[in-house]
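To keep things clear, I will list the structure first and then write my remarks on it.
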Amino acid sequence: RSSTMARVDLDGNPIKPITICMIGAGGFIGSHLCEKLMHETPHTVFALDVYNDKIKHLLEPDSLPWAGRITFHRLNIKHDSRLEGLIKMADLTINLAAICTPADYNTRPLDTIYSNFIDALPVVKYCSENNKRLIHFSTCEVYGKTIGAFLPKDSLLRKDPAYFVLKEDESPCIFGSIEKQRWSYACAKQLIERLIYAEGAENGLEFTIVRPFNWIGPRMDFIPGIDGPSEGVPRVLACFSNNLLRGEPLKLVDGGQSQRTFVYIKDAIEAVLLMIENPARANGHIFNVGNPNNEVTVRQLAEIMIQVYSKVSGEKTPETPTIDVSSKEFYGEGYDDSDKRIPDMTIINKQLGWNPKTSLFDLLESTLTYQHRTYAEAIKKVIAKPVAS
Ligand code: NAD
Ligand code: UDP
């Protein structure tokens, strides 16, 4: 559509088509980014991942209007000699590959550390050596806990934004002790951020670091027993969707008191496209990408999802809508949690003029409509079928 119109960047300069090496393109964020790039830009994508189920609709048939602009390369960046060649052939590398599901952090701590730090090292090195721009996906979790979490429970300072708003260039990174292996993920992400920053400082690497704050929407993770392992534990959106689809109570970990801000994937992808197309404004920066207006406790998230799901499915709300579970029972030993995550938006606002648009209610309505349409029939079939012995 707009690929034939002259597209300009934020400074009014025409945007030249580029080639992007996207690692982890088959995941949740990658699938939305590929879709955006194919629908609205003239750019070419090398899509690297071990899976392509979430981007199949963009890869075939050959008659798609963007055919030839996206190619899938099935590879594991841990051990594949094609990686350097693909980075060299591209103008920009975007690294999304990671183990990034909390259920894995304390149960597969080694894989978590390797995936988020060691496996990302060659990507950074190849970009630096070949003078290629890098957009690396980190996480809001590098902030860890808020300063306010350590104040007495009744302290009025807990209400002062100075004690909880997370700022890229000012806030400290506060993690729990080593046996709380939840923080191995955050720590690995922090060290790769520091390494990328150092490559920029010492060797002139052109980089942008993205810190997503709970991006959610269609195609996030999997529904256990349908398009993922029955015993698997995805992130909260998919856990709660699964419970709703099956008519089960939603499980609130440690009372569901932790707070999160949720941003709609489609809003967040707009921010990434601005970074891709405005390198002079994005290079050398770390960006929070989230929606500070969409804050809820996990308990409130559950309550809204129950209400919205009932609206989109036409089903009655269950008699026992939620149950409490301990984190030890749900995630195992070594789990811990981020208490509160409000992103400061000053830097992304100033550099890219980006703001999130979609309210929590609206984003849940479109996402749960998608979940219902995609999974309700399949769930009915598994529930009706006696388990094979
Ligand atoms: P995702 O799990 O859906 O996507 C990651 C993709 O990387 C998967 O498709 C996976 O197969 C691929 N991958 C992992 N290891 C690989 C390897 N060795 N070789 C090739 N491919 C590999 O997760 P997502 O939500 O799309 O997250 C993308 C990035 O954003 C991650 O770095 C994550 O830490 C970060 N992030 C996301 C959120 C969020 O709100 N979704 C929040 C914080 C950080
Ligand atoms: N959570 C929950 N029930 C679930 C899944 C998650 O109460 O079925 C909680 C989890 O303990 C955390 C929050 O929801 O406090 C968000 O979890 P998620 O896995 O989405 O990732 P996080 O934001 O912690 O990285």
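Scheme for the structure tokens: letters A, B, ... for chains in order shown; per-chain residue numbers from 1; ligand numbers from 1 in order shown.
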Tell me which protein, DNA and RNA residues are within 8 Å of Phe262 (chain A), counting only C-alpha atoms, leaving out same-chain ones fewer than 2 positions away, and put them as a list in words. Phe213, Asn214, Trp215, Ile216, Arg260, Tyr264, Gly290, Asn291, Asn294, Glu295 and Leu360 of chain A
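Residues of region 95-146 of chain A that DSSP places in helix (DSSP H, G or I), based on the backbone of this structure, are Pro102, Ala103, Asp104, Tyr105, Pro109, Leu110, Asp111, Thr112, Ile113, Tyr114, Ser115, Asn116, Ile118, Asp119, Ala120, Leu121, Pro122, Val123, Val124, Lys125, Tyr126, Cys127, Ser128, Glu129, Cys140, Glu141, Val142 and Tyr143 of chain A.
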Writer output for current selection, C-alpha atoms, as a short mmCIF file (atom, residue, chain, number, x, y, z; two decimals), in the first residue's frame:
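Final file, part.cif:
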```cif
data_model
loop_
_atom_site.label_atom_id
_atom_site.label_comp_id
_atom_site.auth_asym_id
_atom_site.auth_seq_id
_atom_site.Cartn_x
_atom_site.Cartn_y
_atom_site.Cartn_z
CA PRO A 102 9.55 -16.34 34.01
CA ALA A 103 8.71 -20.04 34.51
CA ASP A 104 12.14 -20.82 32.95
CA TYR A 105 14.28 -18.39 34.95
CA PRO A 109 18.75 -20.97 34.95
CA LEU A 110 21.70 -22.11 32.80
CA ASP A 111 19.71 -22.00 29.55
CA THR A 112 18.39 -18.59 30.62
CA ILE A 113 21.86 -17.15 31.22
CA TYR A 114 23.30 -18.68 28.04
CA SER A 115 20.41 -17.56 25.89
CA ASN A 116 20.33 -13.97 27.14
CA ILE A 118 26.43 -15.93 25.84
CA ASP A 119 24.34 -16.56 22.69
CA ALA A 120 23.98 -12.83 22.08
CA LEU A 121 27.76 -12.22 22.18
CA PRO A 122 28.52 -13.26 18.56
CA VAL A 123 25.64 -11.09 17.32
CA VAL A 124 27.15 -8.03 19.02
CA LYS A 125 30.65 -8.95 17.82
CA TYR A 126 29.62 -9.44 14.17
CA CYS A 127 27.74 -6.12 14.16
CA SER A 128 30.67 -4.29 15.70
CA GLU A 129 33.32 -5.85 13.42
CA CYS A 140 12.25 -3.64 31.76
CA GLU A 141 13.29 -6.33 34.21
CA VAL A 142 16.85 -4.91 34.25
CA TYR A 143 15.47 -2.33 36.69
#
```
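Among all protein and nucleic acid residues, the ones that lie within 6 Å of ligand 1 when counting only C-alpha atoms and all ligand atoms are Gly24, Gly26, Gly27, Phe28, Ile29, Gly30, Asp49, Val50, Tyr51, Leu75, Asn76, Ile77, Lys78, Leu96, Ala97, Ala98, Ile99, Cys100, Phe137, Ser138, Thr139, Cys140, Pro212, Phe213, Asn214, Trp215 and Asp221 of chain A.
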All residues having an atom within 9 Å of ligand 2 (only C-alpha atoms and all ligand atoms) as a PyMOL selection string: chain A and resi 100-103+139-141+213-214+216+233-240+243+250-261+297-299+301-302+324-325+327+330-331+335-339+341
Between CA of Phe72 (chain A) and CA of Ala47 (chain A), what is the distance in Å, rounded to a tenth? 4.7 Å
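Per DSSP on the backbone, strand (DSSP E or B) in region 76-217 of chain A comprises Leu92, Thr93, Ile94, Asn95, Arg133, Leu134, Ile135, His136, Phe137, Gly144, Val165, Leu166, Ile174, Phe207, Thr208, Ile209, Val210, Arg211, Pro212, Trp215 and Ile216 of chain A.
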Output for the residues just chosen: C-alpha atoms as a tab-separated table (two decimals), in the first residue's frame:
```tsv
chain	number	residue	atom	x	y	z
A	92	LEU	CA	20.60	-3.52	10.34
A	93	THR	CA	20.37	-6.45	12.78
A	94	ILE	CA	17.50	-6.73	15.27
A	95	ASN	CA	18.07	-9.32	18.00
A	133	ARG	CA	23.74	-1.15	13.22
A	134	LEU	CA	22.18	-3.22	16.04
A	135	ILE	CA	18.78	-2.93	17.73
A	136	HIS	CA	18.93	-5.23	20.74
A	137	PHE	CA	15.93	-6.30	22.80
A	144	GLY	CA	14.53	-5.13	39.09
A	165	VAL	CA	9.19	5.54	38.16
A	166	LEU	CA	11.87	3.77	36.10
A	174	ILE	CA	18.03	-3.75	42.05
A	207	PHE	CA	23.23	0.54	18.75
A	208	THR	CA	19.75	1.00	20.17
A	209	ILE	CA	18.55	-0.93	23.22
A	210	VAL	CA	14.82	-1.57	23.74
A	211	ARG	CA	13.36	-2.27	27.18
A	212	PRO	CA	9.83	-3.64	26.64
A	215	TRP	CA	3.90	-5.92	25.54
A	216	ILE	CA	0.82	-8.08	25.01
```
Which residues are close to Asp160 (chain A), i.e. within 12 Å by only C-alpha atoms, leaving aside same-chain residues fewer than 4 positions away? Reply as a count of residues only. 9
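Residue nearest Ile70 (chain A), chosen from A:Pro42, A:Pro229, A:Gly204, A:Pro343 and counting only C-alpha atoms: A:Pro42.
When only C-alpha atoms are used to measure the gap to Glu199 (chain A), the shortest distance among A:Ile383, A:Leu244, A:Asn131, A:Asp91 belongs to A:Asn131.
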Rounded to one decimal place, report the CA of Gly332 (chain A)-CA of Glu179 (chain A) distance in Å. 12.1 Å
Take CA of Ile223 (chain A) and CA of Lys56 (chain A) and report the distance between them in Å, one decimal. 18.1 Å
Within 9 Å of Thr71 (chain A), counting only C-alpha atoms, which residues show up once you throw out same-chain ones fewer than 6 positions away? Write them as JSON, numbers by chain, please. {"A": [44, 45, 46, 47, 48, 59]}
Write the residues you've just listed into a file as a PDB file, in the first residue's frame, and include N, CA and C atoms for each of them.
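For reference, out14.pdb as written:
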```pdb
ATOM      1  N   THR A  44      13.389  -5.098   3.337  1.00  0.00           N
ATOM      2  CA  THR A  44      13.557  -6.548   3.149  1.00  0.00           C
ATOM      3  C   THR A  44      13.964  -7.170   4.478  1.00  0.00           C
ATOM      4  N   VAL A  45      13.422  -8.371   4.759  1.00  0.00           N
ATOM      5  CA  VAL A  45      13.709  -9.034   6.039  1.00  0.00           C
ATOM      6  C   VAL A  45      14.279 -10.432   5.831  1.00  0.00           C
ATOM      7  N   PHE A  46      15.434 -10.704   6.456  1.00  0.00           N
ATOM      8  CA  PHE A  46      15.901 -12.082   6.639  1.00  0.00           C
ATOM      9  C   PHE A  46      15.350 -12.476   8.007  1.00  0.00           C
ATOM     10  N   ALA A  47      14.417 -13.401   8.033  1.00  0.00           N
ATOM     11  CA  ALA A  47      13.785 -13.799   9.293  1.00  0.00           C
ATOM     12  C   ALA A  47      14.471 -15.061   9.817  1.00  0.00           C
ATOM     13  N   LEU A  48      15.200 -14.937  10.933  1.00  0.00           N
ATOM     14  CA  LEU A  48      15.934 -16.070  11.495  1.00  0.00           C
ATOM     15  C   LEU A  48      15.230 -16.565  12.751  1.00  0.00           C
ATOM     16  N   LEU A  59       4.918 -15.877   4.806  1.00  0.00           N
ATOM     17  CA  LEU A  59       5.926 -16.559   3.976  1.00  0.00           C
ATOM     18  C   LEU A  59       5.329 -17.223   2.739  1.00  0.00           C
TER      19      LEU A  59
END
```
